[in-house]
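Enquirer: My structure is below; once you've seen it, I'll send some questions.
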Amino acid sequence: MDKLFKNGFFPRLKKRPAPARTAFACWRGGWLLPAFLALYCLLNFAGTLRAQNPPAHALIIEGIEIVGNHKTDKNVIFRYLTMAPGDPVTPELIAVNNRRLTQTNFFKTVEFYTRPGSEKGKVVVVIEVKERKGPFFQFEGGHSDLDGWYFVPASLRFDNAFGGGNRMGIKFTIGDRLNYLAFWYHNGNLFHQNAFVYLHLSGGTLEFIHYFGNERFRQDVDLGEFQVKFGGKKGLFRHLFGAFRSQTFDPNDFAIGDSAGRIDRLPGNIAAVLPQMQYQSFIVGITGDHRDNPVYPLNGFWGAFTVEATKNIDNDQKFAKVVADFRFFKRTYGHNVLAFHFKGGYTPRQAPFYHRFYLGGANSLRGYADRRLTPQGWGTKLLLTNAEYRFPLSKKNFPNYKTSAAVFFDAGGIWLPGQTPKLSDFYSSIGFGIRVRLPVVGTTRFDLAFPLKQIDHENARLHISLGHSF
Amino acid sequence: MRKLANKLFFIIFFAGYLPLAIPNLPAGESANIGVKNIVPRLQNDTLIVSAEFVNIFSRRIIGTIQSGLPSIIQIEIKLLDSRGRQMARKFISTSVEYDIWGEKYYIVRNGKRKSFADFAAVEEVCTRLRDEKLFFRTDPRDENNYRVEIRVGIIPISSRQAEKVTDWIMDPNQTEETVASDNRTTGFELNINRLISFFVGKKKGSKYVSKWTSSRPFRWKDLVP
């Protein structure tokens, strides 16, 4: 307060008149500050009033009614809504919720209406659904490192068949390197929606690639698999899952080369597991997803760590497998993002080739053909890193950019049992790519990569795949 | 195993397509929207059109408007020549709103806002198309036959998003693995039933969009000024 007096903020209370110039300055400052304070208080008061009373035209949801749900439990529908009684309602909010319910595929039609509530400004939202009576037919496709491109021309979905919001389906998948039939079931409502269970039963043939020298060979492996997986959905448990898996592998005892014909005597580490064998595995894992959005993450972290304990039922051999996969995203400028991926895996020599690791390909180490860097008999130790600098090429529709691009650097190594990883064993590549959002399939990736350690005299390789590399 | 898989593939394939062959039942809480009494006229060499619309405001639409959320009426007008070629086309979009605190209805068209005290007055305005300019006649000696086609639709609060199939196709359900695996997979899913029923449903019309309704064929000289 003394300071205020000294600086002349309250000139009328001053006892001694100041020199003329100073007095003028004091007079000017003396009026401005109270005026400013008064204005500040007035605005604050107005702000308080605004905070206490909703805007004049805000409509508040009094209740939500659901019509037309003969088999579907109301809670299943509420689970997908982002609005509740007491929330303000806007046409945009209703459009978003309509879209969420429509995308469940549980209903043939979803329509939202409103009617006046019990008092002015209150609204009752009416959701009218027309349930799907039969199954629906789905076309699927995708790309994976092991299976290459695949399509599911015949996929029957029985989602919400019993009205509980469960999903299940049966599908026949054909692709570059696979051909199988699968039944699956997902129930996300266990223990009051705190946990989920996923069942998967499949049978078919997978094609495994081996490089013997520079020649590529393909070996068919028949596979029957049953898997049941449990996991949490809320709190800390949402990061945990456990699974039991039973698999029967029956590899062909020969492999067919791209140009070298058929090999009937396969190398020892492959030949050792040629008889049909059954494996049972227990798997536990920790996952975490703290990305700000999954489509084009600007900041955040995604990680998964899994441990498998597997027993060969036919010869009682046991082995473990550990896989760690971490991804980091850091926004640098605008929507430019520095993205980093690390993957490491280990399994002992007892693991057959179809439980081991591979290296090379569009989602692995770019610049090399799919699995080109995989040693004969497949690897038991794997290290892979990918670093990307991503930037959008179009301005609109974040995070679903129509086009974006990336420059990248990949490095990785893979080793057989008994080999000690050395820095000189690593392969690396640099490159650039664009990602284009196409109808139906979504983000499609075109990466041109230049290997820094050449194999097969290839200077560059173009990879085409779906989604971002990680 | 492979033979069994192939057999099952065909079973699934046909079982999957069978439901697609079953036609959609007509939707229907209320009578469908319609257009009637299309009257083309000529005024100072300009073709003007009037028409009436029926069943635009169902009970649900009225409830939605009266609860304070807007609905949008869209009118589409075409002028076709005798060979079906389109000579002119016009879209008119009108928003119907209700201010629940001021207890007034508003019709907003071309940025102009007009208020009404009761819904009957709103209905009177919205169910009639009055003297809408469509086409400027350049050749008075033209003896060709023409006809005007009109359809009208109403968009309740939410359906605008639901029916944007382009958004849906451009934004597919792209799937990605959720845990670390040896086999990183990215894929997409497309609901074929939904795609087919969207296009089939459009041809049939719906309770929110009328069918195209045509005026009687006319020549310029037949039109009443």
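Residue names in the structure tokens use chain letters A, B, ... in the order shown, residue numbers from 1 in each chain, and ligand numbers from 1 in the order shown.
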Hey, what's within 12 Å of Asp289 in chain A if we count only C-alpha atoms and toss same-chain stuff fewer than 5 positions away? As a ChimeraX atom specification, please?
Expert: /A:238-240,294,297,299-304,325-329 /B:178-179
Enquirer: Fewer than 6 positions away in the same chain doesn't count, so skip those; otherwise give me all residues within 9 Å of Asn144 in chain B, counting only C-alpha atoms, as number ranges by chain.
Expert: B: 81-82, 218-220
Enquirer: Using N, CA and C atoms, can you export the residues from the last selection as an mmCIF file, in the first residue's frame?
Expert:
```
data_model
loop_
_atom_site.group_PDB
_atom_site.id
_atom_site.type_symbol
_atom_site.label_atom_id
_atom_site.label_comp_id
_atom_site.auth_asym_id
_atom_site.auth_seq_id
_atom_site.Cartn_x
_atom_site.Cartn_y
_atom_site.Cartn_z
ATOM 1 N N ASP B 81 -35.552 -31.993 -70.934
ATOM 2 C CA ASP B 81 -36.163 -31.867 -72.254
ATOM 3 C C ASP B 81 -36.812 -33.199 -72.649
ATOM 4 N N SER B 82 -37.345 -33.270 -73.867
ATOM 5 C CA SER B 82 -38.113 -34.452 -74.266
ATOM 6 C C SER B 82 -37.251 -35.717 -74.304
ATOM 7 N N PHE B 218 -44.720 -29.992 -71.224
ATOM 8 C CA PHE B 218 -45.235 -28.694 -71.692
ATOM 9 C C PHE B 218 -44.308 -28.106 -72.750
ATOM 10 N N ARG B 219 -44.897 -27.211 -73.557
ATOM 11 C CA ARG B 219 -44.078 -26.402 -74.461
ATOM 12 C C ARG B 219 -44.138 -24.974 -73.951
ATOM 13 N N TRP B 220 -43.171 -24.175 -74.346
ATOM 14 C CA TRP B 220 -43.125 -22.810 -73.799
ATOM 15 C C TRP B 220 -44.421 -22.052 -74.095
#
```
Enquirer: As number ranges by chain, list the residues of range 55-174 of chain A assigned to strand (DSSP E or B) by DSSP on the backbone atoms of this structure.
Expert: A: 59-67, 88-89, 107-116, 122-131, 136-144, 148-157, 167-174
Enquirer: Would you export the selected residues with C-alpha atoms as a PDB file, in the first residue's frame, please?
Expert:
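Output saved as part.pdb:
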```
ATOM      1  CA  LEU A  59     -30.708 -27.709 -24.366  1.00  0.00           C
ATOM      2  CA  ILE A  60     -30.234 -30.271 -21.633  1.00  0.00           C
ATOM      3  CA  ILE A  61     -30.953 -33.982 -21.999  1.00  0.00           C
ATOM      4  CA  GLU A  62     -33.685 -34.984 -19.580  1.00  0.00           C
ATOM      5  CA  GLY A  63     -33.759 -38.608 -20.577  1.00  0.00           C
ATOM      6  CA  ILE A  64     -32.824 -41.075 -23.267  1.00  0.00           C
ATOM      7  CA  GLU A  65     -35.441 -43.501 -24.570  1.00  0.00           C
ATOM      8  CA  ILE A  66     -34.631 -46.512 -26.672  1.00  0.00           C
ATOM      9  CA  VAL A  67     -37.234 -47.912 -29.051  1.00  0.00           C
ATOM     10  CA  PRO A  88     -26.158 -30.354 -23.099  1.00  0.00           C
ATOM     11  CA  VAL A  89     -27.310 -31.636 -26.476  1.00  0.00           C
ATOM     12  CA  PHE A 107     -28.635 -52.555 -36.278  1.00  0.00           C
ATOM     13  CA  LYS A 108     -30.026 -52.152 -39.765  1.00  0.00           C
ATOM     14  CA  THR A 109     -31.033 -48.583 -39.041  1.00  0.00           C
ATOM     15  CA  VAL A 110     -30.464 -46.138 -36.216  1.00  0.00           C
ATOM     16  CA  GLU A 111     -32.506 -42.975 -35.946  1.00  0.00           C
ATOM     17  CA  PHE A 112     -32.401 -40.230 -33.358  1.00  0.00           C
ATOM     18  CA  TYR A 113     -35.359 -38.004 -32.539  1.00  0.00           C
ATOM     19  CA  THR A 114     -36.040 -35.584 -29.749  1.00  0.00           C
ATOM     20  CA  ARG A 115     -39.184 -34.382 -28.070  1.00  0.00           C
ATOM     21  CA  PRO A 116     -39.762 -31.639 -25.523  1.00  0.00           C
ATOM     22  CA  LYS A 122     -35.087 -30.007 -21.464  1.00  0.00           C
ATOM     23  CA  VAL A 123     -35.144 -32.596 -24.185  1.00  0.00           C
ATOM     24  CA  VAL A 124     -35.899 -36.281 -24.320  1.00  0.00           C
ATOM     25  CA  VAL A 125     -33.712 -38.052 -26.863  1.00  0.00           C
ATOM     26  CA  VAL A 126     -35.404 -40.995 -28.554  1.00  0.00           C
ATOM     27  CA  ILE A 127     -33.200 -43.576 -30.244  1.00  0.00           C
ATOM     28  CA  GLU A 128     -35.071 -45.875 -32.580  1.00  0.00           C
ATOM     29  CA  VAL A 129     -33.166 -48.913 -33.745  1.00  0.00           C
ATOM     30  CA  LYS A 130     -34.113 -51.624 -36.186  1.00  0.00           C
ATOM     31  CA  GLU A 131     -32.299 -54.754 -35.206  1.00  0.00           C
ATOM     32  CA  PHE A 136     -24.237 -59.988 -42.078  1.00  0.00           C
ATOM     33  CA  PHE A 137     -21.653 -60.509 -44.709  1.00  0.00           C
ATOM     34  CA  GLN A 138     -18.289 -58.852 -44.561  1.00  0.00           C
ATOM     35  CA  PHE A 139     -15.416 -58.364 -46.923  1.00  0.00           C
ATOM     36  CA  GLU A 140     -12.057 -58.070 -45.268  1.00  0.00           C
ATOM     37  CA  GLY A 141      -8.489 -57.741 -46.286  1.00  0.00           C
ATOM     38  CA  GLY A 142      -5.133 -56.727 -45.010  1.00  0.00           C
ATOM     39  CA  HIS A 143      -1.426 -57.187 -44.972  1.00  0.00           C
ATOM     40  CA  SER A 144       0.848 -58.847 -42.487  1.00  0.00           C
ATOM     41  CA  GLY A 148       1.581 -61.170 -47.013  1.00  0.00           C
ATOM     42  CA  TRP A 149      -1.598 -59.751 -48.567  1.00  0.00           C
ATOM     43  CA  TYR A 150      -4.768 -61.554 -47.661  1.00  0.00           C
ATOM     44  CA  PHE A 151      -8.471 -61.250 -48.386  1.00  0.00           C
ATOM     45  CA  VAL A 152     -11.518 -62.597 -46.693  1.00  0.00           C
ATOM     46  CA  PRO A 153     -14.134 -62.919 -49.429  1.00  0.00           C
ATOM     47  CA  ALA A 154     -16.489 -64.884 -47.195  1.00  0.00           C
ATOM     48  CA  SER A 155     -16.830 -63.642 -43.673  1.00  0.00           C
ATOM     49  CA  LEU A 156     -20.099 -64.156 -41.861  1.00  0.00           C
ATOM     50  CA  ARG A 157     -20.677 -62.051 -38.770  1.00  0.00           C
ATOM     51  CA  ARG A 167     -19.315 -60.349 -31.509  1.00  0.00           C
ATOM     52  CA  MET A 168     -18.632 -63.572 -33.333  1.00  0.00           C
ATOM     53  CA  GLY A 169     -17.955 -64.692 -36.821  1.00  0.00           C
ATOM     54  CA  ILE A 170     -16.700 -67.303 -39.158  1.00  0.00           C
ATOM     55  CA  LYS A 171     -14.380 -66.460 -42.004  1.00  0.00           C
ATOM     56  CA  PHE A 172     -12.439 -68.014 -44.788  1.00  0.00           C
ATOM     57  CA  THR A 173      -9.167 -66.260 -45.499  1.00  0.00           C
ATOM     58  CA  ILE A 174      -7.116 -66.619 -48.629  1.00  0.00           C
TER      59      ILE A 174
END
```
Enquirer: Tell me, as a list in words, which residues lie within 10 Å of Lys90 in chain B, counting only C-alpha atoms; anything in the same chain fewer than 3 positions away does not count.
Expert: Ile75, Glu76, Ile77, Lys78, Leu79, Glu132, Lys133, Leu134, Phe135 and Ile150 of chain B
Enquirer: Find the spatial neighbours of Asn214 in chain A, counting only C-alpha atoms, within a cut-off of 10 Å - ignore same-chain residues fewer than 3 positions away - and output them as a list in words.
Expert: His210, Tyr211, Phe217, Arg372, Ile455 and Asp456 of chain A
Enquirer: Which residues, written as a PyMOL selection string, have at least one atom at most 10 Å from Phe426 in chain A, with only C-alpha atoms counted and residues fewer than 2 positions away on the same chain left out?
Expert: chain A and resi 383-384+411-415+421-424+428+453
Enquirer: Since we have the selection now, will you write its residues out, keeping N, CA and C atoms, as a JSON list (two decimals), in the first residue's frame?
Expert:
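Contents of part-v3.json, as written:
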```json
[["chain", "number", "residue", "atom", "x", "y", "z"],
["A", 383, "LEU", "N", 16.43, -58.12, -32.77],
["A", 383, "LEU", "CA", 16.39, -56.70, -32.38],
["A", 383, "LEU", "C", 16.01, -55.90, -33.62],
["A", 384, "LEU", "N", 15.06, -55.01, -33.46],
["A", 384, "LEU", "CA", 14.61, -54.21, -34.60],
["A", 384, "LEU", "C", 14.27, -52.81, -34.12],
["A", 411, "ALA", "N", 16.90, -50.27, -38.57],
["A", 411, "ALA", "CA", 18.10, -51.08, -38.29],
["A", 411, "ALA", "C", 17.66, -52.29, -37.48],
["A", 412, "GLY", "N", 18.31, -53.41, -37.72],
["A", 412, "GLY", "CA", 17.94, -54.60, -36.96],
["A", 412, "GLY", "C", 18.89, -55.75, -37.21],
["A", 413, "GLY", "N", 18.79, -56.71, -36.32],
["A", 413, "GLY", "CA", 19.63, -57.90, -36.47],
["A", 413, "GLY", "C", 18.88, -59.12, -35.98],
["A", 414, "ILE", "N", 19.28, -60.29, -36.48],
["A", 414, "ILE", "CA", 18.63, -61.54, -36.08],
["A", 414, "ILE", "C", 19.70, -62.63, -35.98],
["A", 415, "TRP", "N", 19.58, -63.48, -34.99],
["A", 415, "TRP", "CA", 20.64, -64.44, -34.72],
["A", 415, "TRP", "C", 20.09, -65.83, -34.44],
["A", 421, "PRO", "N", 25.07, -61.63, -30.45],
["A", 421, "PRO", "CA", 24.83, -60.44, -31.26],
["A", 421, "PRO", "C", 26.03, -59.49, -31.27],
["A", 422, "LYS", "N", 26.40, -59.04, -32.47],
["A", 422, "LYS", "CA", 27.48, -58.07, -32.61],
["A", 422, "LYS", "C", 26.97, -56.92, -33.47],
["A", 423, "LEU", "N", 27.60, -55.77, -33.27],
["A", 423, "LEU", "CA", 27.15, -54.58, -34.00],
["A", 423, "LEU", "C", 27.29, -54.79, -35.52],
["A", 424, "SER", "N", 28.29, -55.54, -35.90],
["A", 424, "SER", "CA", 28.51, -55.74, -37.34],
["A", 424, "SER", "C", 27.45, -56.64, -37.97],
["A", 428, "SER", "N", 20.75, -52.25, -41.97],
["A", 428, "SER", "CA", 20.03, -50.98, -41.83],
["A", 428, "SER", "C", 19.62, -50.47, -43.21],
["A", 453, "LYS", "N", 23.30, -52.10, -46.32],
["A", 453, "LYS", "CA", 24.15, -53.28, -46.49],
["A", 453, "LYS", "C", 23.44, -54.15, -47.53]]
```
Enquirer: If we count only C-alpha atoms and set the cut-off at 12 Å, which residues sit around Gly261 in chain A, ignoring sequence neighbours fewer than 3 positions away in its own chain? Please answer as a PDB file with C-alpha atoms, in the first residue's frame.
Expert:
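See result.pdb below for the written result:
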```pdb
ATOM      1  CA  GLU A 215      17.383 -68.890 -53.212  1.00  0.00           C
ATOM      2  CA  ARG A 216      13.915 -68.516 -51.756  1.00  0.00           C
ATOM      3  CA  PHE A 217      11.963 -71.676 -50.872  1.00  0.00           C
ATOM      4  CA  ARG A 218       8.386 -72.077 -49.731  1.00  0.00           C
ATOM      5  CA  PHE A 254       9.768 -80.657 -48.702  1.00  0.00           C
ATOM      6  CA  ALA A 255      10.096 -77.073 -49.880  1.00  0.00           C
ATOM      7  CA  ILE A 256       9.660 -75.576 -53.326  1.00  0.00           C
ATOM      8  CA  GLY A 257      12.110 -73.026 -54.633  1.00  0.00           C
ATOM      9  CA  ASP A 258      11.239 -70.043 -56.787  1.00  0.00           C
ATOM     10  CA  ASP A 264      13.255 -83.125 -50.360  1.00  0.00           C
TER      11      ASP A 264
END
```
Enquirer: If you count only C-alpha atoms, which residues fall within 10 Å of Val39 in chain B, apart from same-chain ones fewer than 2 positions away, as JSON, numbers by chain?
Expert: {"B": [36, 37, 41, 48, 49, 50, 51, 52, 129, 130, 131, 148, 215, 216, 223, 224]}
Enquirer: What is the CA of Ile286 in chain A to CA of Thr444 in chain A distance in Å?
Expert: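 Spanning CA of Ile286 in chain A to CA of Thr444 in chain A is a straight-line distance of 29.0 Å.
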Enquirer: May I ask for the distance between CA of Ala405 in chain A and CA of Gln454 in chain A, given in Å to one decimal place?
Expert: 24.8 Å
Enquirer: What gap, in Å, lies between CA of Leu199 in chain A and CA of Gly442 in chain A?
Expert: 27.1 Å
Enquirer: Select, from B:Val35, B:Lys104, B:Asn191, B:Phe119, the residue with the minimum atom-to-atom distance to Gln103 in chain A, counting only C-alpha atoms.
Expert: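 So, comparing all the options, the nearest one is B:Asn191.
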Enquirer: Between A:Gly164, A:Gly418, A:Gly433, A:Gly344, which is the closest to chain B once you count only C-alpha atoms?
Expert: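 The answer is A:Gly344, which sits nearest to chain B.
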Enquirer: List every residue of range 188-355 of chain A that DSSP, applied to the backbone of this structure, assigns to alpha helix (DSSP H), and report them as a ChimeraX atom specification.
Expert: /A:190-193,268-271
Enquirer: Calculated over only C-alpha atoms, which of the candidates A:Pro399, A:Pro275, A:Gly231, A:Gly285 has the smallest distance to chain B?
Expert: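 Counting only C-alpha atoms, the residue closest to chain B is A:Gly285.
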Enquirer: Please determine, counting only C-alpha atoms, which residue among B:Ser67, B:Arg137, B:Ile73, B:Leu47 has the shortest atom-to-atom distance to Val125 in chain B.
Expert: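 The answer is B:Ile73, which sits nearest to Val125 in chain B.
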Enquirer: For Asn459 in chain A, which residue out of A:Pro417, A:Pro91, A:Gly367, A:Gly379 is the nearest one, using only C-alpha atoms?
Expert: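 Nearest to Asn459 in chain A: A:Gly367.
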Enquirer: Which is closer to chain B than all the others in A:Leu190, A:Val337, A:Ala58, A:Ala449, using only C-alpha atoms?
Expert: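 Nearest candidate to chain B out of A:Leu190, A:Val337, A:Ala58, A:Ala449: A:Ala58.
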